[in-house]
Every structure is written in structure tokens, then in C-alpha cells.
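The file data.txt contains compact mmCIF, C-alpha atoms:
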```
# COMPACT_ATOMS: atom_id res chain seq x y z
CA MET A 9 23.01 18.57 0.73
CA THR A 10 21.03 16.25 -1.53
CA SER A 11 18.27 14.30 0.16
CA ARG A 12 18.11 10.52 0.15
CA LEU A 13 14.88 8.49 0.06
CA VAL A 14 14.26 5.74 2.61
CA VAL A 15 11.60 3.25 1.44
CA LEU A 16 9.85 1.48 4.32
CA ARG A 17 7.21 -0.65 2.56
CA PRO A 18 7.49 -4.47 2.44
CA GLU A 19 9.03 -6.40 -0.43
CA PRO A 20 8.49 -6.78 -3.32
CA GLY A 21 6.86 -3.34 -3.36
CA SER A 22 9.83 -1.75 -1.60
CA SER A 23 12.30 -2.61 -4.36
CA MET A 24 9.79 -1.54 -7.02
CA THR A 25 9.41 1.88 -5.38
CA ALA A 26 13.17 2.20 -5.00
CA ASP A 27 13.77 1.32 -8.65
CA ARG A 28 11.27 3.95 -9.76
CA ALA A 29 12.91 6.54 -7.49
CA ARG A 30 16.40 5.74 -8.77
CA LYS A 31 15.23 6.20 -12.35
CA GLU A 32 14.24 9.72 -11.33
CA GLY A 33 17.70 10.30 -9.92
CA TRP A 34 17.14 9.76 -6.21
CA ALA A 35 19.70 8.15 -3.93
CA THR A 36 17.56 5.47 -2.31
CA ILE A 37 17.80 2.83 0.40
CA VAL A 38 15.31 0.06 1.15
CA MET A 39 14.41 -0.57 4.79
CA PRO A 40 11.19 -2.64 5.01
CA LEU A 41 9.38 -2.56 8.33
CA PHE A 42 7.08 -5.50 7.48
CA GLU A 43 7.23 -8.87 5.77
CA VAL A 44 4.28 -10.06 3.68
CA THR A 45 3.35 -13.76 3.71
CA PRO A 46 0.42 -15.67 2.17
CA LEU A 47 -2.38 -17.08 4.31
CA ASP A 48 -4.34 -20.28 3.87
CA TRP A 49 -7.88 -19.38 2.85
CA ASP A 50 -11.03 -21.04 1.56
CA PRO A 51 -12.34 -19.41 -1.63
CA PRO A 52 -16.06 -18.62 -1.34
CA ALA A 53 -18.31 -19.56 -4.27
CA PRO A 54 -17.64 -17.11 -7.10
CA ASP A 55 -21.26 -17.11 -8.31
CA ALA A 56 -22.16 -15.35 -5.05
CA PHE A 57 -20.47 -12.15 -6.26
CA ASP A 58 -20.93 -9.42 -8.84
CA ALA A 59 -17.36 -8.10 -8.69
CA VAL A 60 -13.99 -8.30 -6.96
CA LEU A 61 -12.51 -5.37 -5.02
CA MET A 62 -8.74 -5.32 -4.63
CA THR A 63 -7.21 -2.62 -2.43
CA SER A 64 -3.61 -3.86 -2.51
CA ALA A 65 -1.39 -5.45 -5.14
CA ASN A 66 -0.36 -7.91 -2.42
CA SER A 67 -3.79 -9.54 -2.70
CA ALA A 68 -2.96 -10.58 -6.26
CA ARG A 69 0.66 -11.44 -5.48
CA PHE A 70 -0.08 -13.62 -2.47
CA GLY A 71 -3.68 -14.77 -3.00
CA GLY A 72 -2.53 -17.91 -4.80
CA ILE A 73 -4.41 -20.18 -7.18
CA GLY A 74 -7.68 -19.64 -5.32
CA LEU A 75 -8.07 -16.28 -7.04
CA ALA A 76 -8.30 -17.98 -10.45
CA ARG A 77 -11.92 -18.81 -9.65
CA TYR A 78 -12.77 -15.09 -9.87
CA HIS A 79 -10.91 -14.13 -13.04
CA TYR A 80 -14.15 -13.86 -15.02
CA LEU A 81 -15.59 -11.23 -12.65
CA PRO A 82 -14.91 -7.50 -13.10
CA LEU A 83 -12.16 -6.38 -10.76
CA TYR A 84 -12.15 -2.92 -9.18
CA ALA A 85 -8.58 -2.05 -8.27
CA VAL A 86 -7.30 0.72 -6.02
CA GLY A 87 -4.27 2.12 -7.82
CA ALA A 88 -2.61 1.46 -11.16
CA GLN A 89 -0.03 -0.87 -9.58
CA THR A 90 -2.77 -3.06 -8.12
CA ALA A 91 -4.45 -3.17 -11.52
CA ASP A 92 -1.20 -4.07 -13.29
CA VAL A 93 -0.36 -6.88 -10.86
CA ALA A 94 -3.93 -8.25 -10.97
CA ARG A 95 -3.78 -8.29 -14.78
CA ALA A 96 -0.46 -10.13 -14.67
CA PHE A 97 -2.07 -12.76 -12.45
CA GLY A 98 -4.97 -13.42 -14.79
CA PHE A 99 -7.73 -10.87 -14.21
CA GLU A 100 -9.00 -9.42 -17.48
CA THR A 101 -11.81 -6.90 -16.88
CA ILE A 102 -10.24 -4.30 -14.59
CA ILE A 103 -11.52 -0.91 -13.49
CA ALA A 104 -8.72 1.06 -11.83
CA GLY A 105 -8.92 4.16 -9.66
CA SER A 106 -6.27 6.47 -8.26
CA SER A 107 -7.98 8.15 -5.30
CA GLY A 108 -8.37 5.29 -2.83
CA VAL A 109 -10.95 2.76 -1.70
CA THR A 110 -13.69 5.37 -1.21
CA GLU A 111 -13.58 6.13 -4.92
CA MET A 112 -13.83 2.46 -5.83
CA ALA A 113 -16.72 1.83 -3.43
CA ASP A 114 -18.57 4.75 -5.00
CA ARG A 115 -17.92 3.35 -8.49
CA LEU A 116 -19.20 -0.08 -7.47
CA ARG A 117 -22.41 1.52 -6.19
CA ALA A 118 -22.73 3.69 -9.30
CA ASP A 119 -22.30 0.61 -11.52
CA GLY A 120 -25.09 -1.17 -9.67
CA LEU A 121 -22.84 -3.88 -8.23
CA ARG A 122 -23.69 -5.01 -4.72
CA ARG A 123 -22.18 -8.42 -3.91
CA ILE A 124 -18.46 -7.81 -3.58
CA PHE A 125 -15.59 -10.21 -2.90
CA HIS A 126 -12.67 -8.44 -1.22
CA PRO A 127 -9.49 -10.54 -0.94
CA ALA A 128 -7.44 -8.47 1.47
CA GLY A 129 -4.72 -8.29 4.05
CA GLU A 130 -5.22 -9.65 7.54
CA ALA A 131 -5.23 -6.05 8.81
CA THR A 132 -7.26 -3.88 6.44
CA ARG A 133 -8.73 -0.46 7.19
CA PRO A 134 -12.55 -0.33 7.01
CA PHE A 135 -14.39 1.79 4.48
CA ASP A 136 -17.98 2.89 3.87
CA GLU A 137 -19.79 -0.25 2.72
CA THR A 138 -23.24 1.36 2.54
CA GLY A 139 -25.27 -0.34 -0.18
CA LEU A 140 -22.66 -3.07 -0.63
CA ALA A 141 -22.55 -6.63 0.66
CA VAL A 142 -18.80 -7.13 1.09
CA THR A 143 -17.26 -10.52 1.82
CA ARG A 144 -13.74 -9.80 3.04
CA THR A 145 -11.33 -12.73 3.09
CA PRO A 146 -7.75 -12.32 4.37
CA VAL A 147 -5.32 -13.83 1.86
CA TYR A 148 -2.06 -12.38 3.18
CA ALA A 149 -0.54 -10.99 6.36
CA ALA A 150 2.00 -8.22 6.89
CA THR A 151 4.00 -8.79 10.05
CA ARG A 152 6.56 -6.53 11.68
CA ILE A 153 10.18 -7.46 11.19
CA ALA A 154 12.83 -7.14 13.87
CA PRO A 155 13.32 -3.44 14.64
CA PRO A 156 16.01 -1.86 12.47
CA ASP A 157 18.52 0.51 14.08
CA LEU A 158 17.09 3.71 12.65
CA ALA A 159 19.76 5.94 14.17
CA ASP A 160 22.42 3.93 12.35
CA MET A 161 20.58 3.56 9.04
CA VAL A 162 19.11 7.02 8.42
CA ASP A 163 20.92 10.33 8.17
CA SER A 164 19.85 13.90 8.77
CA GLY A 165 18.25 15.20 5.59
CA ASP A 166 16.73 11.84 4.57
CA ILE A 167 13.12 11.64 3.38
CA LEU A 168 11.16 8.63 4.65
CA LEU A 169 8.36 7.18 2.48
CA VAL A 170 5.46 5.75 4.50
CA HIS A 171 3.04 3.62 2.48
CA SER A 172 0.42 2.76 5.13
CA PRO A 173 -0.96 3.81 8.52
CA ARG A 174 0.46 0.59 10.02
CA ALA A 175 3.93 1.54 8.82
CA GLY A 176 3.43 5.04 10.20
CA ARG A 177 2.52 3.70 13.63
CA TYR A 178 5.46 1.30 13.70
CA LEU A 179 7.83 4.06 12.59
CA ASP A 180 6.49 6.35 15.30
CA GLU A 181 7.06 3.65 17.93
CA LEU A 182 10.60 2.92 16.71
CA CYS A 183 11.56 6.59 16.69
CA ALA A 184 10.30 7.00 20.25
CA ALA A 185 11.98 3.81 21.49
CA GLN A 186 15.32 4.62 19.80
CA ALA A 187 15.30 8.35 20.51
CA VAL A 188 15.63 9.15 16.81
CA ALA A 189 16.09 12.86 16.10
CA ARG A 190 13.07 13.45 13.88
CA GLY A 191 13.83 17.12 13.49
CA GLY A 192 16.45 16.31 10.87
CA LEU A 193 14.20 13.97 8.87
CA SER A 194 11.35 14.57 6.45
CA LEU A 195 8.44 12.27 5.76
CA VAL A 196 6.12 11.69 2.80
CA ALA A 197 3.02 9.60 3.51
CA ILE A 198 0.75 7.87 1.02
CA SER A 199 -2.37 9.24 2.73
CA GLU A 200 -3.52 11.60 5.46
CA ALA A 201 -4.17 8.57 7.68
CA ALA A 202 -0.59 7.35 7.23
CA LEU A 203 0.67 10.88 7.91
CA ALA A 204 -1.26 11.13 11.17
CA ALA A 205 -0.08 7.68 12.29
CA ALA A 206 3.58 8.66 11.90
CA GLY A 207 3.43 11.13 14.79
CA GLN A 208 4.94 14.58 15.25
CA GLY A 209 8.33 16.26 15.30
CA TRP A 210 9.49 15.73 11.71
CA ARG A 211 11.40 18.46 9.91
CA THR A 212 8.70 18.34 7.23
CA ALA A 213 5.81 15.89 6.90
CA ILE A 214 3.29 15.85 4.05
CA ALA A 215 0.81 13.49 2.43
CA ALA A 216 0.83 12.76 -1.29
CA GLU A 217 -2.04 14.13 -3.35
CA ARG A 218 -2.94 10.59 -4.49
CA PRO A 219 -2.08 7.14 -3.10
CA THR A 220 0.52 6.33 -5.75
CA ASP A 221 4.31 6.12 -5.94
CA ASP A 222 4.37 8.83 -8.60
CA ALA A 223 2.49 11.20 -6.31
CA MET A 224 4.77 10.34 -3.37
CA LEU A 225 7.89 11.04 -5.41
CA ALA A 226 6.40 14.31 -6.61
CA ALA A 227 5.70 15.25 -2.99
CA ALA A 228 9.28 14.38 -2.04
CA SER A 229 10.57 16.60 -4.84
CA SER A 230 8.41 19.46 -3.60
CA LEU A 231 10.08 19.60 -0.19
CA GLY A 232 12.04 22.78 0.19
CA GLY A 233 15.79 22.36 -0.25
CA ALA A 234 15.45 18.66 -1.07
CA GLY A 235 15.31 16.93 -4.39
CA ALA A 236 16.55 14.29 -6.70
CA ILE A 237 20.17 14.09 -7.77
CA GLY A 238 21.04 15.68 -11.10
```
Please go through the file and, once you have read it, give me the structure as C-alpha cells.
Amino acid sequence: MTSRLVVLRPEPGSSMTADRARKEGWATIVMPLFEVTPLDWDPPAPDAFDAVLMTSANSARFGGIGLARYHYLPLYAVGAQTADVARAFGFETIIAGSSGVTEMADRLRADGLRRIFHPAGEATRPFDETGLAVTRTPVYAATRIAPPDLADMVDSGDILLVHSPRAGRYLDELCAAQAVARGGLSLVAISEAALAAAGQGWRTAIAAERPTDDAMLAAASSLGGAGAIG
């Protein structure tokens, strides 16, 4: 039986992941667990900062016109997708990393940059800010949508893609509340933290080597007996 991918991240990222997966031959369904919405925010003075740190493409997508004030600053982006979206929204000098926020914090320190503006989600995981003066401003929120009927929407043999620890926790709660048979489902998480948040009992559960869609799809392909169509 050929496995099917179930993409749980919010839109518009969910459809982007699904499109990439389909190009690789996967049968894919989109089932977002969260909805992302912009927040009202007051942009702090840009001359108070040496650089911008962006840990999610949603910061660029939903930050609004207030972010234009920081376009002249170097932007340190976690992930190629974040870098691409930030560039599309007007940032020019972009340093991108593929290993997560710890890598970018280390690069900021190594580059001698201390005063950091971090437009972020309302719920953002902390990181080691030693040596940095980080001003974190929520510019978007990701809120849970009404619980989908997992038992009706997923089939035995499916592979679920979990893009954040929050999604992992919500998925774990839904599976427990709906008595979903996890033993027939596999899971690929974007990080070890997301993997741990998704709970136990899956047929197979692994974390991608890097926090990217490409790495997640490679991990899905590596699952024994499962793979893309064709």
C-alpha cells in the first residue's frame, strides 16, 4: 500500500508543503490544525537595532507595513523559506540558515551584532539569548481551529507531517480525545521538540535532519515500506 501524506501546518504554508510533496509524487491531503492571523503591533524605533531575526516566514507574511521600517537592516532568517518570503516582502540583506534558531543566534554573536529585533508569533519557543539584547514583538498569532475528525480523515498507513511543537501537542490531544489508532499511522516531525510533543504510540515516528520541508519529505521517503507514488 502506498502511503499518503497528511499536512497539518497552517495556511498558506500547508498548501505550499502539499504542492512540493505532490511534485515528488506523493498523494497528499491538507488538514491544518491552526489558523494564522495578523496582530496589531507598534514598531519599535529601527535605529535601536543592529539586525532583524526572523524565525518563521509568517512574520514576513503577516507583519504588515510596519516591517518596512527595518528593510535596511540585515535580516537573519531561520530556513530558506523564511528567507525567500522575507525577500519577497522587501528585505534585501538576508543571511539564511538551515539548522534552526540556535544556529542563527550563534551567527549573530559571531558577527558582533547585539541589538536584535525579533518579529515573531504570539507563542514562540525561547532560545539562548546570551550576549544578545533581543526585542521580541508578536506580529501574528496561530490559533487552534475546530477539531477535525481525525478518524474520518486519516487512514491506516498515512504519514502525518508535524511542523511545530504546538501542532504536535494539539495532535496528541486530538488523538487521545478521539481514540485514534496511532499504531497504523506514521509521523515525521520538523524537530526533536515537535516529535516529543506528538506523544507515543505511532507506527513510526522520526524527526527530520533539518527543519525544512525537503528534509521532512526525505524523512517520509525513508520510512520502511512507505514512499512516494511512482
Contacts of stretch 118-125 of chain A within 6 Å, only C-alpha atoms, excl. fewer than 2 positions in-chain, as a ChimeraX atom specification: /A:57-60,115-116,140-143
Could you give me, as CSV, every stretch 80-149 of chain A residue with an atom at most 12 Å from stretch 33-44 of chain A, plus its closest atom pair and distance in Å to one decimal, counting only C-alpha atoms, rows ordered by chain then number?
```
residue,atom,partner,partner_atom,distance
A:Gly129,CA,A:Val44,CA,9.2
A:Glu130,CA,A:Val44,CA,10.3
A:Ala131,CA,A:Val44,CA,11.5
A:Val147,CA,A:Val44,CA,10.5
A:Tyr148,CA,A:Val44,CA,6.8
A:Ala149,CA,A:Val44,CA,5.6
```
Who sits within 8 Å of stretch 199-216 of chain A, all atoms listed in the file, same chain under 3 positions skipped, as an MDAnalysis selection string: chainID A and resid 170:180 190:196 219:220 223:224 226:227 231
Within 12 Å of file point (1.4, -12.9, -14.0), counting all atoms listed in the file, expressed as a PyMOL selection string: chain A and resi 65+68-70+72-73+76+91-100
Since we have the selection now, will you write its residues out, keeping C-alpha atoms, as a compact mmCIF listing (two decimals), in the coordinates of the input?
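Below is the file that was written, result.txt:
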```txt
# COMPACT_ATOMS: atom_id res chain seq x y z
CA ALA A 65 -1.39 -5.45 -5.14
CA ALA A 68 -2.96 -10.58 -6.26
CA ARG A 69 0.66 -11.44 -5.48
CA PHE A 70 -0.08 -13.62 -2.47
CA GLY A 72 -2.53 -17.91 -4.80
CA ILE A 73 -4.41 -20.18 -7.18
CA ALA A 76 -8.30 -17.98 -10.45
CA ALA A 91 -4.45 -3.17 -11.52
CA ASP A 92 -1.20 -4.07 -13.29
CA VAL A 93 -0.36 -6.88 -10.86
CA ALA A 94 -3.93 -8.25 -10.97
CA ARG A 95 -3.78 -8.29 -14.78
CA ALA A 96 -0.46 -10.13 -14.67
CA PHE A 97 -2.07 -12.76 -12.45
CA GLY A 98 -4.97 -13.42 -14.79
CA PHE A 99 -7.73 -10.87 -14.21
CA GLU A 100 -9.00 -9.42 -17.48
```
Residue nearest A:Asp160 among A:Glu181, A:Arg133, A:Ala189, A:Asp222 (counting all atoms listed in the file): A:Ala189
One-decimal distance in Å that lies between atom CA of A:Ala26 and atom CA of A:Asp157: 19.9 Å
Of the listed residues A:Ala187, A:Leu47, A:Ala29, A:Val14, that which approaches A:Thr151 most closely, counting all atoms listed in the file: A:Leu47
